[in-house]
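Below is input29.pdb, which holds PDB, C-alpha atoms.
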ATOM      1  CA  MET A   4      -6.861 -12.663 -19.051
ATOM      2  CA  LEU A   5      -4.478  -9.715 -18.861
ATOM      3  CA  THR A   6      -0.923 -10.818 -19.580
ATOM      4  CA  THR A   7       1.806  -8.286 -18.817
ATOM      5  CA  ARG A   8       5.505  -8.280 -18.067
ATOM      6  CA  LEU A   9       4.554  -8.517 -14.392
ATOM      7  CA  THR A  10       2.519 -11.698 -14.793
ATOM      8  CA  HIS A  11       5.366 -13.279 -16.763
ATOM      9  CA  ALA A  12       8.078 -12.201 -14.315
ATOM     10  CA  PHE A  13       6.263 -13.399 -11.189
ATOM     11  CA  GLY A  14       4.382 -16.338 -12.641
ATOM     12  CA  ILE A  15       0.977 -14.976 -11.626
ATOM     13  CA  GLU A  16      -2.315 -14.949 -13.475
ATOM     14  CA  HIS A  17      -3.435 -11.353 -12.889
ATOM     15  CA  PRO A  18      -1.321  -8.154 -12.706
ATOM     16  CA  VAL A  19      -2.594  -7.345  -9.218
ATOM     17  CA  VAL A  20      -0.376  -7.060  -6.121
ATOM     18  CA  LEU A  21      -1.562  -6.664  -2.533
ATOM     19  CA  ALA A  22      -0.100  -3.633  -0.781
ATOM     20  CA  PRO A  23       1.832  -4.775   2.331
ATOM     21  CA  MET A  24      -0.353  -2.802   4.722
ATOM     22  CA  ASP A  25       0.938  -2.820   8.306
ATOM     23  CA  LEU A  26      -0.879  -5.609  10.209
ATOM     24  CA  ALA A  27      -3.938  -5.557   7.895
ATOM     25  CA  SER A  28      -1.997  -7.529   5.269
ATOM     26  CA  ASP A  29      -1.396 -10.654   7.287
ATOM     27  CA  ALA A  30      -0.877 -14.221   6.076
ATOM     28  CA  ARG A  31      -4.601 -14.854   5.662
ATOM     29  CA  LEU A  32      -5.075 -11.934   3.292
ATOM     30  CA  ALA A  33      -1.760 -12.378   1.469
ATOM     31  CA  THR A  34      -2.355 -16.068   0.777
ATOM     32  CA  ALA A  35      -5.909 -15.333  -0.399
ATOM     33  CA  VAL A  36      -4.639 -12.823  -2.969
ATOM     34  CA  THR A  37      -1.966 -15.232  -4.195
ATOM     35  CA  ALA A  38      -4.493 -18.077  -4.406
ATOM     36  CA  ALA A  39      -6.711 -15.821  -6.511
ATOM     37  CA  GLY A  40      -3.944 -15.382  -9.079
ATOM     38  CA  GLY A  41      -2.384 -12.142  -7.846
ATOM     39  CA  LEU A  42       0.643 -11.612  -5.611
ATOM     40  CA  GLY A  43       0.070 -11.380  -1.876
ATOM     41  CA  MET A  44       2.367  -9.317   0.334
ATOM     42  CA  ILE A  45       2.667  -9.470   4.129
ATOM     43  CA  GLY A  46       2.972  -6.100   5.856
ATOM     44  CA  GLY A  47       6.222  -5.922   7.787
ATOM     45  CA  GLY A  48       5.265  -2.481   9.027
ATOM     46  CA  TYR A  49       7.244  -1.061  11.922
ATOM     47  CA  GLY A  50       9.085  -4.287  12.619
ATOM     48  CA  ASP A  51       7.509  -6.820  14.978
ATOM     49  CA  GLY A  52       9.760  -9.848  14.636
ATOM     50  CA  GLU A  53       7.427 -12.285  16.379
ATOM     51  CA  TRP A  54       4.498 -11.164  14.234
ATOM     52  CA  LEU A  55       6.586 -11.655  11.077
ATOM     53  CA  LYS A  56       7.645 -15.152  12.116
ATOM     54  CA  ARG A  57       4.065 -16.105  12.867
ATOM     55  CA  GLU A  58       2.700 -14.770   9.586
ATOM     56  CA  PHE A  59       5.414 -16.340   7.446
ATOM     57  CA  SER A  60       4.749 -19.654   9.185
ATOM     58  CA  ALA A  61       1.023 -19.280   8.549
ATOM     59  CA  ALA A  62       1.708 -18.583   4.863
ATOM     60  CA  ALA A  63       4.046 -21.561   4.455
ATOM     61  CA  GLY A  64       3.503 -23.276   1.120
ATOM     62  CA  THR A  65       2.110 -20.155  -0.562
ATOM     63  CA  ARG A  66       4.257 -17.640  -2.466
ATOM     64  CA  VAL A  67       3.948 -14.305  -0.710
ATOM     65  CA  GLY A  68       6.180 -11.277  -0.404
ATOM     66  CA  CYS A  69       6.876  -8.871   2.442
ATOM     67  CA  GLY A  70       7.077  -5.109   2.756
ATOM     68  CA  PHE A  71       9.014  -2.896   5.166
ATOM     69  CA  ILE A  72       9.004   0.745   6.230
ATOM     70  CA  THR A  73      12.597   1.433   5.275
ATOM     71  CA  TRP A  74      13.502   3.985   7.953
ATOM     72  CA  SER A  75      12.122   1.647  10.614
ATOM     73  CA  LEU A  76      13.914  -1.365   9.133
ATOM     74  CA  ALA A  77      17.181   0.586   9.418
ATOM     75  CA  ARG A  78      16.720   0.443  13.207
ATOM     76  CA  ARG A  79      16.151  -3.328  13.173
ATOM     77  CA  PRO A  80      17.987  -4.580  10.069
ATOM     78  CA  GLU A  81      17.947  -8.165  11.338
ATOM     79  CA  LEU A  82      14.276  -8.318  10.344
ATOM     80  CA  LEU A  83      15.300  -8.323   6.697
ATOM     81  CA  ASP A  84      17.347 -11.465   7.303
ATOM     82  CA  LEU A  85      14.330 -13.010   9.006
ATOM     83  CA  ALA A  86      12.202 -12.320   5.947
ATOM     84  CA  LEU A  87      14.832 -13.513   3.471
ATOM     85  CA  GLU A  88      15.135 -16.827   5.303
ATOM     86  CA  HIS A  89      11.616 -17.559   4.102
ATOM     87  CA  GLN A  90      12.500 -16.890   0.451
ATOM     88  CA  PRO A  91       9.656 -14.436  -0.088
ATOM     89  CA  ALA A  92       8.273 -13.828  -3.565
ATOM     90  CA  ALA A  93       9.460 -10.212  -3.230
ATOM     91  CA  VAL A  94      10.580  -7.617  -0.695
ATOM     92  CA  MET A  95       9.223  -4.091  -0.906
ATOM     93  CA  LEU A  96      10.948  -1.095   0.682
ATOM     94  CA  SER A  97       9.054   2.160   1.203
ATOM     95  CA  PHE A  98       9.702   5.548   2.792
ATOM     96  CA  GLY A  99      13.475   5.736   2.745
ATOM     97  CA  ASP A 100      16.683   4.997   0.864
ATOM     98  CA  PRO A 101      16.651   1.353  -0.307
ATOM     99  CA  THR A 102      20.361   1.298  -1.108
ATOM    100  CA  PRO A 103      21.658  -0.089   2.239
ATOM    101  CA  PHE A 104      19.460  -3.173   1.831
ATOM    102  CA  ALA A 105      19.454  -3.708  -1.930
ATOM    103  CA  ASP A 106      22.569  -5.899  -2.138
ATOM    104  CA  ARG A 107      21.336  -8.296   0.559
ATOM    105  CA  ILE A 108      18.012  -8.698  -1.208
ATOM    106  CA  ARG A 109      19.702  -9.190  -4.577
ATOM    107  CA  THR A 110      22.155 -11.737  -3.156
ATOM    108  CA  ALA A 111      19.192 -13.728  -1.846
ATOM    109  CA  ALA A 112      17.783 -13.782  -5.408
ATOM    110  CA  VAL A 113      14.606 -12.081  -4.212
ATOM    111  CA  PRO A 114      12.973  -9.377  -6.389
ATOM    112  CA  LEU A 115      13.226  -5.871  -4.923
ATOM    113  CA  LEU A 116      10.212  -3.561  -5.111
ATOM    114  CA  CYS A 117      10.722   0.113  -4.262
ATOM    115  CA  GLN A 118       7.739   2.338  -3.583
ATOM    116  CA  VAL A 119       8.221   5.946  -4.676
ATOM    117  CA  HIS A 120       6.208   9.159  -4.659
ATOM    118  CA  THR A 121       8.348  11.489  -6.777
ATOM    119  CA  LEU A 122      10.608  11.353  -9.809
ATOM    120  CA  ASP A 123      13.689  11.841  -7.636
ATOM    121  CA  GLN A 124      12.712   8.851  -5.521
ATOM    122  CA  ALA A 125      12.175   6.849  -8.716
ATOM    123  CA  ARG A 126      15.684   7.748  -9.874
ATOM    124  CA  ASN A 127      17.048   6.553  -6.528
ATOM    125  CA  ALA A 128      15.150   3.285  -6.907
ATOM    126  CA  LEU A 129      16.665   2.745 -10.342
ATOM    127  CA  ASP A 130      20.120   3.532  -8.941
ATOM    128  CA  ALA A 131      19.471   0.799  -6.351
ATOM    129  CA  GLU A 132      18.628  -1.559  -9.246
ATOM    130  CA  ALA A 133      15.060  -2.171  -8.144
ATOM    131  CA  ASP A 134      13.327  -4.907 -10.099
ATOM    132  CA  VAL A 135       9.984  -3.136  -9.715
ATOM    133  CA  VAL A 136       9.181   0.522  -9.069
ATOM    134  CA  VAL A 137       5.849   1.172  -7.367
ATOM    135  CA  ALA A 138       4.607   4.655  -8.250
ATOM    136  CA  GLN A 139       2.222   5.728  -5.489
ATOM    137  CA  GLY A 140       0.055   8.772  -6.018
ATOM    138  CA  GLY A 141      -1.315  10.964  -3.262
ATOM    139  CA  GLU A 142      -4.745   9.308  -3.507
ATOM    140  CA  ALA A 143      -3.386   6.283  -1.641
ATOM    141  CA  GLY A 144      -4.232   5.490   1.941
ATOM    142  CA  GLY A 145      -1.498   5.559   4.529
ATOM    143  CA  HIS A 146       1.768   7.403   4.261
ATOM    144  CA  GLY A 147       3.181   9.214   1.276
ATOM    145  CA  ALA A 148       5.107  12.297   0.244
ATOM    146  CA  GLY A 149       4.199  15.123  -2.057
ATOM    147  CA  GLU A 150       0.975  15.860  -3.879
ATOM    148  CA  ARG A 151       1.492  13.988  -7.139
ATOM    149  CA  SER A 152      -1.554  12.138  -8.440
ATOM    150  CA  THR A 153      -1.377   8.579  -9.718
ATOM    151  CA  PHE A 154      -2.718   9.693 -13.106
ATOM    152  CA  THR A 155       0.320  11.887 -13.815
ATOM    153  CA  LEU A 156       3.009  10.240 -11.698
ATOM    154  CA  VAL A 157       2.721   6.838 -13.383
ATOM    155  CA  PRO A 158       3.363   7.995 -16.978
ATOM    156  CA  ASP A 159       6.147  10.303 -15.782
ATOM    157  CA  ILE A 160       7.916   7.352 -14.164
ATOM    158  CA  ALA A 161       7.074   5.063 -17.101
ATOM    159  CA  ASP A 162       8.958   7.465 -19.367
ATOM    160  CA  LEU A 163      11.875   7.633 -16.933
ATOM    161  CA  ILE A 164      12.098   3.838 -16.824
ATOM    162  CA  ALA A 165      11.876   3.547 -20.605
ATOM    163  CA  ASP A 166      14.801   5.951 -20.919
ATOM    164  CA  ARG A 167      17.041   4.659 -18.121
ATOM    165  CA  SER A 168      16.151   1.041 -17.367
ATOM    166  CA  PRO A 169      13.645  -0.510 -19.790
ATOM    167  CA  HIS A 170      13.760  -3.923 -18.111
ATOM    168  CA  THR A 171      12.480  -2.515 -14.794
ATOM    169  CA  LEU A 172       8.811  -3.159 -14.114
ATOM    170  CA  LEU A 173       6.333  -0.514 -12.979
ATOM    171  CA  LEU A 174       3.311  -0.810 -10.688
ATOM    172  CA  ALA A 175       0.720   1.919 -10.212
ATOM    173  CA  ALA A 176      -0.635   2.535  -6.706
ATOM    174  CA  GLY A 177      -3.070   5.004  -5.219
ATOM    175  CA  GLY A 178      -6.788   5.094  -5.940
ATOM    176  CA  VAL A 179      -6.883   1.750  -7.760
ATOM    177  CA  ALA A 180      -9.959  -0.026  -6.441
ATOM    178  CA  ASP A 181     -11.634  -1.703  -9.416
ATOM    179  CA  GLY A 182     -11.142  -2.835 -13.003
ATOM    180  CA  ARG A 183     -11.302   0.714 -14.324
ATOM    181  CA  GLY A 184      -8.286   1.610 -12.204
ATOM    182  CA  LEU A 185      -6.343  -1.421 -13.423
ATOM    183  CA  ALA A 186      -7.190  -0.647 -17.043
ATOM    184  CA  ALA A 187      -6.143   2.977 -16.589
ATOM    185  CA  ALA A 188      -2.855   1.943 -14.979
ATOM    186  CA  LEU A 189      -1.990  -0.341 -17.890
ATOM    187  CA  ALA A 190      -2.911   2.395 -20.358
ATOM    188  CA  LEU A 191      -0.625   4.817 -18.505
ATOM    189  CA  GLY A 192       2.359   2.494 -18.941
ATOM    190  CA  ALA A 193       2.305   0.363 -15.788
ATOM    191  CA  ASP A 194       2.797  -3.398 -15.849
ATOM    192  CA  GLY A 195       0.260  -3.898 -13.069
ATOM    193  CA  VAL A 196      -1.174  -2.370  -9.918
ATOM    194  CA  MET A 197      -0.597  -2.444  -6.191
ATOM    195  CA  VAL A 198      -3.879  -2.299  -4.293
ATOM    196  CA  GLY A 199      -4.387  -1.336  -0.665
ATOM    197  CA  THR A 200      -7.797   0.062   0.305
ATOM    198  CA  ARG A 201      -9.870  -2.358  -1.789
ATOM    199  CA  PHE A 202      -8.086  -5.334  -0.165
ATOM    200  CA  TRP A 203      -8.293  -3.659   3.251
ATOM    201  CA  ALA A 204     -12.039  -3.896   2.693
ATOM    202  CA  THR A 205     -12.153  -7.679   2.221
ATOM    203  CA  GLN A 206     -13.297 -10.524   4.404
ATOM    204  CA  GLU A 207      -9.751 -11.811   4.934
ATOM    205  CA  ALA A 208      -8.158  -8.522   5.997
ATOM    206  CA  ALA A 209      -7.230  -8.132   9.665
ATOM    207  CA  VAL A 210      -9.668  -5.237  10.017
ATOM    208  CA  SER A 211     -12.518  -4.645  12.467
ATOM    209  CA  ALA A 212     -16.058  -5.242  11.205
ATOM    210  CA  ARG A 213     -16.941  -1.836  12.669
ATOM    211  CA  ALA A 214     -14.221  -0.219  10.561
ATOM    212  CA  HIS A 215     -15.534  -2.004   7.473
ATOM    213  CA  THR A 216     -19.043  -0.722   8.152
ATOM    214  CA  ARG A 217     -17.793   2.866   8.316
ATOM    215  CA  ALA A 218     -15.732   2.414   5.167
ATOM    216  CA  VAL A 219     -18.663   1.194   3.089
ATOM    217  CA  ALA A 220     -20.579   4.351   4.045
ATOM    218  CA  ALA A 221     -17.667   6.692   3.239
ATOM    219  CA  SER A 222     -16.604   8.539   0.106
ATOM    220  CA  GLY A 223     -13.208   9.663  -1.108
ATOM    221  CA  ASP A 224     -14.141  13.169   0.043
ATOM    222  CA  ASP A 225     -14.124  11.868   3.612
ATOM    223  CA  THR A 226     -10.358  11.237   3.622
ATOM    224  CA  VAL A 227      -7.647  13.678   4.614
ATOM    225  CA  ARG A 228      -3.861  13.801   4.723
ATOM    226  CA  THR A 229      -2.609  14.512   8.230
ATOM    227  CA  SER A 230       0.154  13.854  10.753
ATOM    228  CA  VAL A 231      -2.202  13.765  13.748
ATOM    229  CA  TYR A 232      -1.986  10.010  14.260
ATOM    230  CA  ASP A 233       1.786   9.900  13.901
ATOM    231  CA  ILE A 234       1.966  12.377  16.752
ATOM    232  CA  VAL A 235      -0.489  10.583  19.022
ATOM    233  CA  ARG A 236       1.091   7.168  18.345
ATOM    234  CA  GLN A 237       4.540   8.740  18.816
ATOM    235  CA  TYR A 238       5.847   7.335  15.536
ATOM    236  CA  ASP A 239       8.957   9.149  14.406
ATOM    237  CA  TRP A 240       8.073   9.629  10.751
ATOM    238  CA  PRO A 241      10.371  11.795   8.591
ATOM    239  CA  ALA A 242       8.902  15.266   8.138
ATOM    240  CA  GLU A 243       8.190  14.851   4.413
ATOM    241  CA  TYR A 244       5.659  12.073   5.020
ATOM    242  CA  ASN A 245       2.111  12.293   6.267
ATOM    243  CA  GLY A 246      -0.778   9.859   5.964
ATOM    244  CA  ARG A 247      -4.185   9.687   4.322
ATOM    245  CA  LEU A 248      -6.928   8.461   6.662
ATOM    246  CA  LEU A 249     -10.678   8.558   7.036
ATOM    247  CA  ARG A 250     -11.674  11.826   8.672
ATOM    248  CA  ASN A 251     -13.259  11.524  12.120
ATOM    249  CA  ARG A 252     -13.911  13.577  15.239
ATOM    250  CA  PHE A 253     -10.348  13.182  16.526
ATOM    251  CA  ILE A 254      -8.852  14.465  13.272
ATOM    252  CA  ASP A 255     -11.338  17.337  13.118
ATOM    253  CA  ARG A 256     -10.252  18.331  16.632
ATOM    254  CA  TRP A 257      -6.490  18.216  16.085
ATOM    255  CA  HIS A 258      -5.701  18.591  12.371
ATOM    256  CA  GLY A 259      -4.062  21.997  11.975
ATOM    257  CA  ARG A 260      -3.449  22.154  15.745
ATOM    258  CA  GLU A 261      -0.551  19.718  15.877
ATOM    259  CA  SER A 262       1.522  21.837  18.275
ATOM    260  CA  GLU A 263      -1.370  21.880  20.745
ATOM    261  CA  LEU A 264      -1.747  18.119  20.339
ATOM    262  CA  SER A 265       1.918  17.639  21.177
ATOM    263  CA  ALA A 266       1.479  19.791  24.273
ATOM    264  CA  GLN A 267      -1.436  17.597  25.444
ATOM    265  CA  LEU A 268       0.064  14.328  24.241
ATOM    266  CA  ASP A 269      -0.329  12.242  27.388
ATOM    267  CA  GLU A 270      -4.056  12.886  27.617
ATOM    268  CA  ALA A 271      -4.643  12.476  23.868
ATOM    269  CA  ALA A 272      -2.585   9.276  23.693
ATOM    270  CA  ALA A 273      -4.590   7.745  26.529
ATOM    271  CA  GLU A 274      -7.817   8.662  24.769
ATOM    272  CA  PHE A 275      -6.551   7.143  21.528
ATOM    273  CA  LYS A 276      -5.389   3.923  23.198
ATOM    274  CA  ALA A 277      -8.764   3.468  24.866
ATOM    275  CA  ALA A 278     -10.573   4.099  21.587
ATOM    276  CA  VAL A 279      -8.518   1.460  19.786
ATOM    277  CA  SER A 280      -9.365  -1.152  22.405
ATOM    278  CA  GLN A 281     -13.052  -0.193  22.216
ATOM    279  CA  GLN A 282     -13.109   0.024  18.400
ATOM    280  CA  ASP A 283     -14.346   3.606  18.647
ATOM    281  CA  PHE A 284     -13.516   4.954  15.211
ATOM    282  CA  ASP A 285     -14.648   8.459  16.034
ATOM    283  CA  ILE A 286     -11.231   8.576  17.731
ATOM    284  CA  ALA A 287      -9.242   5.538  16.543
ATOM    285  CA  ASN A 288      -7.657   5.741  13.106
ATOM    286  CA  MET A 289      -8.834   4.134   9.869
ATOM    287  CA  ILE A 290      -6.097   4.115   7.226
ATOM    288  CA  VAL A 291      -7.795   4.195   3.830
ATOM    289  CA  GLY A 292      -7.331   6.109   0.601
ATOM    290  CA  GLU A 293      -9.645   7.964  -1.748
ATOM    291  CA  GLY A 294     -10.571   4.631  -3.323
ATOM    292  CA  VAL A 295     -12.744   3.940  -0.265
ATOM    293  CA  GLY A 296     -15.546   5.675  -2.144
ATOM    294  CA  LEU A 297     -15.540   2.791  -4.632
ATOM    295  CA  VAL A 298     -15.971   0.198  -1.881
ATOM    296  CA  ARG A 299     -19.648  -0.695  -1.583
ATOM    297  CA  GLU A 300     -19.431  -4.138  -0.020
ATOM    298  CA  ILE A 301     -16.958  -6.299   1.855
ATOM    299  CA  LEU A 302     -16.014  -9.118  -0.527
ATOM    300  CA  PRO A 303     -13.679 -12.105  -0.392
ATOM    301  CA  ALA A 304     -10.243 -11.203  -1.737
ATOM    302  CA  ARG A 305     -10.575 -13.737  -4.567
ATOM    303  CA  GLU A 306     -13.697 -11.945  -5.784
ATOM    304  CA  VAL A 307     -11.924  -8.580  -5.735
ATOM    305  CA  VAL A 308      -9.091  -9.976  -7.872
ATOM    306  CA  ARG A 309     -11.494 -11.739 -10.245
ATOM    307  CA  ARG A 310     -13.712  -8.696 -10.775
ATOM    308  CA  MET A 311     -10.769  -6.348 -11.143
ATOM    309  CA  ALA A 312      -9.149  -8.464 -13.862
ATOM    310  CA  ARG A 313     -12.433  -9.178 -15.640
ATOM    311  CA  ASP A 314     -13.609  -5.578 -15.644
ATOM    312  CA  ALA A 315     -10.216  -4.234 -16.723
ATOM    313  CA  ALA A 316     -10.135  -6.628 -19.674
ATOM    314  CA  ALA A 317     -13.654  -5.534 -20.592
ATOM    315  CA  CYS A 318     -12.671  -1.846 -20.409
ATOM    316  CA  LEU A 319      -9.616  -2.335 -22.590
ATOM    317  CA  GLY A 320     -11.462  -4.595 -25.023
ATOM    318  CA  ARG A 321     -14.337  -2.166 -25.413
ATOM    319  CA  TRP A 322     -12.043   0.454 -26.882
ATOM    320  CA  ALA A 323      -9.877  -1.780 -29.061
ATOM    321  CA  PRO A 324     -12.277  -2.010 -32.074
ATOM    322  CA  GLN A 325     -12.837   1.759 -32.056
ATOM    323  CA  ALA A 326      -9.102   2.419 -31.895
ATOM    324  CA  THR A 327      -8.627   0.168 -34.950
ATOM    325  CA  ALA A 328     -11.350   2.009 -36.824
ATOM    326  CA  PHE A 329      -9.924   5.446 -36.003
ATOM    327  CA  SER A 330      -6.407   4.407 -37.044
ATOM    328  CA  GLY A 331      -7.631   3.967 -40.655
TER     329      GLY A 331
END
Transcribe the structure of this file into structure tokens.
Amino acid sequence: MLTTRLTHAFGIEHPVVLAPMDLASDARLATAVTAAGGLGMIGGGYGDGEWLKREFSAAAGTRVGCGFITWSLARRPELLDLALEHQPAAVMLSFGDPTPFADRIRTAAVPLLCQVHTLDQARNALDAEADVVVAQGGEAGGHGAGERSTFTLVPDIADLIADRSPHTLLLAAGGVADGRGLAAALALGADGVMVGTRFWATQEAAVSARAHTRAVAASGDDTVRTSVYDIVRQYDWPAEYNGRLLRNRFIDRWHGRESELSAQLDEAAAEFKAAVSQQDFDIANMIVGEGVGLVREILPAREVVRRMARDAAACLGRWAPQATAFSG
């Protein structure tokens, strides 16, 4: 067992948290991660109130949290009240200033997680009195800002927290897909990890079997950061954010030609919509990070949690006797 400040604070067995991936992290996946001893999080995404109600109802009786895209939540702030009514295990805010929502979350006695990609964002999260800072490196799937890697961003933020707010917890995110990643995160100063791609590739995730098949055959080299799908889906993301996805024919056609894509948006959007309905992933998007290269089979979520914790403990334990010997 790996006992950390995170496991103590949240009453969980393993320091593993499910990333609240839009739609993919539904009640089925979130409850499976919690049942396995981690912390499951429902993906609030762009703010579908009916979907949130349905998923919270489906998760009733199991402690799960919820995550929101902050700039989108600002357009529909009532969704935060909807989530807080269910007394979630935590609320995570990503991609925007958490300050306007922090007091409401704190008043509800719900832990606030803030995902950050830079030191400045981490400082803002501490100013908002986040209970947990999630340091996401550029290896992660989905949206992010900047080019910082998890391996350097996590210790940078760990030092910042130690200096400014030692009681605040830290999660590492981005590229964590097995026990080696969890062990590395703990060694870098994190209290646990937030995992997206590896849980995206589980039996419980709301993901197409065709997408899973492509993911198992992919490597981290097959991913790319791009804004192509934000344009074609007409999502109004702030300019500093783009997303990491699995490269395909559609990305190869339009990446680097975004102005031309915008000029042909009606035709491209129709093509994309048809591809989604047909599960044609040469055109439809697959949101995964570099950790996809470590995914070799589609497992139950409980097995992912179990292996991750077991293998991390083995990694850390393997070095402990040598460290003792060297210290003499």
Using all atoms listed in the file, determine which residues lie at most 10 Å from A:Asp255, disregarding the query and same-chain residues fewer than 6 positions distant; provide the list as a list in words.
-> Val227, Val231, Asp285 and Ile286 of chain A
Chain and number of each residue from the PyMOL selection byres ((chain A and resi 236-253) around 6), as a PDB file with C-alpha atoms, in the frame of the given file:
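Once written, part_35.pdb looks like this:
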ATOM      1  CA  GLY A 144      -4.232   5.490   1.941  1.00  0.00           C
ATOM      2  CA  GLY A 145      -1.498   5.559   4.529  1.00  0.00           C
ATOM      3  CA  HIS A 146       1.768   7.403   4.261  1.00  0.00           C
ATOM      4  CA  GLY A 147       3.181   9.214   1.276  1.00  0.00           C
ATOM      5  CA  ALA A 148       5.107  12.297   0.244  1.00  0.00           C
ATOM      6  CA  ASP A 225     -14.124  11.868   3.612  1.00  0.00           C
ATOM      7  CA  THR A 226     -10.358  11.237   3.622  1.00  0.00           C
ATOM      8  CA  VAL A 227      -7.647  13.678   4.614  1.00  0.00           C
ATOM      9  CA  ARG A 228      -3.861  13.801   4.723  1.00  0.00           C
ATOM     10  CA  THR A 229      -2.609  14.512   8.230  1.00  0.00           C
ATOM     11  CA  SER A 230       0.154  13.854  10.753  1.00  0.00           C
ATOM     12  CA  TYR A 232      -1.986  10.010  14.260  1.00  0.00           C
ATOM     13  CA  ASP A 233       1.786   9.900  13.901  1.00  0.00           C
ATOM     14  CA  ILE A 234       1.966  12.377  16.752  1.00  0.00           C
ATOM     15  CA  VAL A 235      -0.489  10.583  19.022  1.00  0.00           C
ATOM     16  CA  ILE A 254      -8.852  14.465  13.272  1.00  0.00           C
ATOM     17  CA  ASP A 255     -11.338  17.337  13.118  1.00  0.00           C
ATOM     18  CA  ARG A 256     -10.252  18.331  16.632  1.00  0.00           C
ATOM     19  CA  ASP A 285     -14.648   8.459  16.034  1.00  0.00           C
ATOM     20  CA  ILE A 286     -11.231   8.576  17.731  1.00  0.00           C
ATOM     21  CA  MET A 289      -8.834   4.134   9.869  1.00  0.00           C
ATOM     22  CA  ILE A 290      -6.097   4.115   7.226  1.00  0.00           C
ATOM     23  CA  VAL A 291      -7.795   4.195   3.830  1.00  0.00           C
TER      24      VAL A 291
END
List the neighbours of A:Ser60 out to 10 Å using only C-alpha atoms; skip same-chain residues closer than 6 positions along the sequence, and give me the result as a PyMOL selection string.
-> chain A and resi 30+54+89
What lies within 9 Å of A:Glu150 using all atoms listed in the file, ignoring chain neighbours under 3 positions off, as a list in words?
-> His120, Gly140, Gly141, Glu142 and Gly147 of chain A
Expansion of the PyMOL selection byres ((chain A and resi 67-83) around 8) into residues, as a count of residues only = 32
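With all atoms listed in the file as the atoms that count, the minimum distance from A:Gly40 to the choices A:Glu263, A:Glu132, A:Glu306, A:Asp224 is reached by A:Glu306.
Interatomic distance, atom CA of A:Ser222 against atom CA of A:Val298: 8.6 Å.
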Atom pair atom CA of A:Ala12 / atom CA of A:Asp166: separation (Å) | 20.5 Å
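Nearest residue to A:Leu5, choosing from A:Gly195, A:Pro303, A:Pro169, A:Pro103 and counting all atoms listed in the file: A:Gly195.
Taking atom CA of A:Leu156 and atom CA of A:Ala138 as the two end points, the separation is 6.8 Å.
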Residues at most 7 Å from A:Trp203, counting all atoms listed in the file, excluding those fewer than 4 positions away in the same chain, as a count of residues only?
-> 3
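Take the candidates A:Gly184, A:Ala161, A:Ala105, A:Arg201 and check each one against A:Ala312 using all atoms listed in the file; the shortest distance goes to A:Gly184.
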Polymer residues at most 7 Å from A:Val119, only C-alpha atoms, same-chain spacing of 6 or more positions, as an mmCIF file with C-alpha atoms, keeping the file's coordinate frame:
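Output file result-v5.cif follows:
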data_model
loop_
_atom_site.group_PDB
_atom_site.id
_atom_site.type_symbol
_atom_site.label_atom_id
_atom_site.label_comp_id
_atom_site.auth_asym_id
_atom_site.auth_seq_id
_atom_site.Cartn_x
_atom_site.Cartn_y
_atom_site.Cartn_z
ATOM 1 C CA ALA A 125 12.175 6.849 -8.716
ATOM 2 C CA VAL A 137 5.849 1.172 -7.367
ATOM 3 C CA ALA A 138 4.607 4.655 -8.250
ATOM 4 C CA GLN A 139 2.222 5.728 -5.489
#
Can you give me, as a ChimeraX atom specification, the residues this file yields under the PyMOL selection byres ((chain A and resi 9) around 12)?
-> /A:5-8,10-20,41-42,114,116,134-136,170-175,189,193-197
Using all atoms listed in the file, tabulate the residues of stretch 111-185 of chain A lying at most 12 Å from any atom of stretch 307-310 of chain A, each with its closest atom pair and that distance in Å to one decimal, by chain and increasing residue number, as a Markdown table.
| residue | atom | partner | partner_atom | distance |
| --- | --- | --- | --- | --- |
| A:Val179 | CA | A:Val307 | CA | 11.7 |
| A:Ala180 | CA | A:Val307 | CA | 8.8 |
| A:Asp181 | CA | A:Arg310 | CA | 7.4 |
| A:Gly182 | CA | A:Arg310 | CA | 6.8 |
| A:Arg183 | CA | A:Arg310 | CA | 10.3 |
| A:Gly184 | CA | A:Arg310 | CA | 11.7 |
| A:Leu185 | CA | A:Val308 | CA | 10.6 |
For the residues in that selection, give me C-alpha atoms as an mmCIF file, in the frame of the given file.
data_model
loop_
_atom_site.group_PDB
_atom_site.id
_atom_site.type_symbol
_atom_site.label_atom_id
_atom_site.label_comp_id
_atom_site.auth_asym_id
_atom_site.auth_seq_id
_atom_site.Cartn_x
_atom_site.Cartn_y
_atom_site.Cartn_z
ATOM 1 C CA VAL A 179 -6.883 1.750 -7.760
ATOM 2 C CA ALA A 180 -9.959 -0.026 -6.441
ATOM 3 C CA ASP A 181 -11.634 -1.703 -9.416
ATOM 4 C CA GLY A 182 -11.142 -2.835 -13.003
ATOM 5 C CA ARG A 183 -11.302 0.714 -14.324
ATOM 6 C CA GLY A 184 -8.286 1.610 -12.204
ATOM 7 C CA LEU A 185 -6.343 -1.421 -13.423
#
Find the residues with any atom within 7 Å of (-12.3, 3.0, -18.1); use only C-alpha atoms and the coordinates as given in the file, and write the answer as a compact mmCIF listing (two decimals) with C-alpha atoms, in the coordinates of the input.
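File point-v9.txt, as written:
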# COMPACT_ATOMS: atom_id res chain seq x y z
CA ARG A 183 -11.30 0.71 -14.32
CA ALA A 186 -7.19 -0.65 -17.04
CA ALA A 187 -6.14 2.98 -16.59
CA CYS A 318 -12.67 -1.85 -20.41
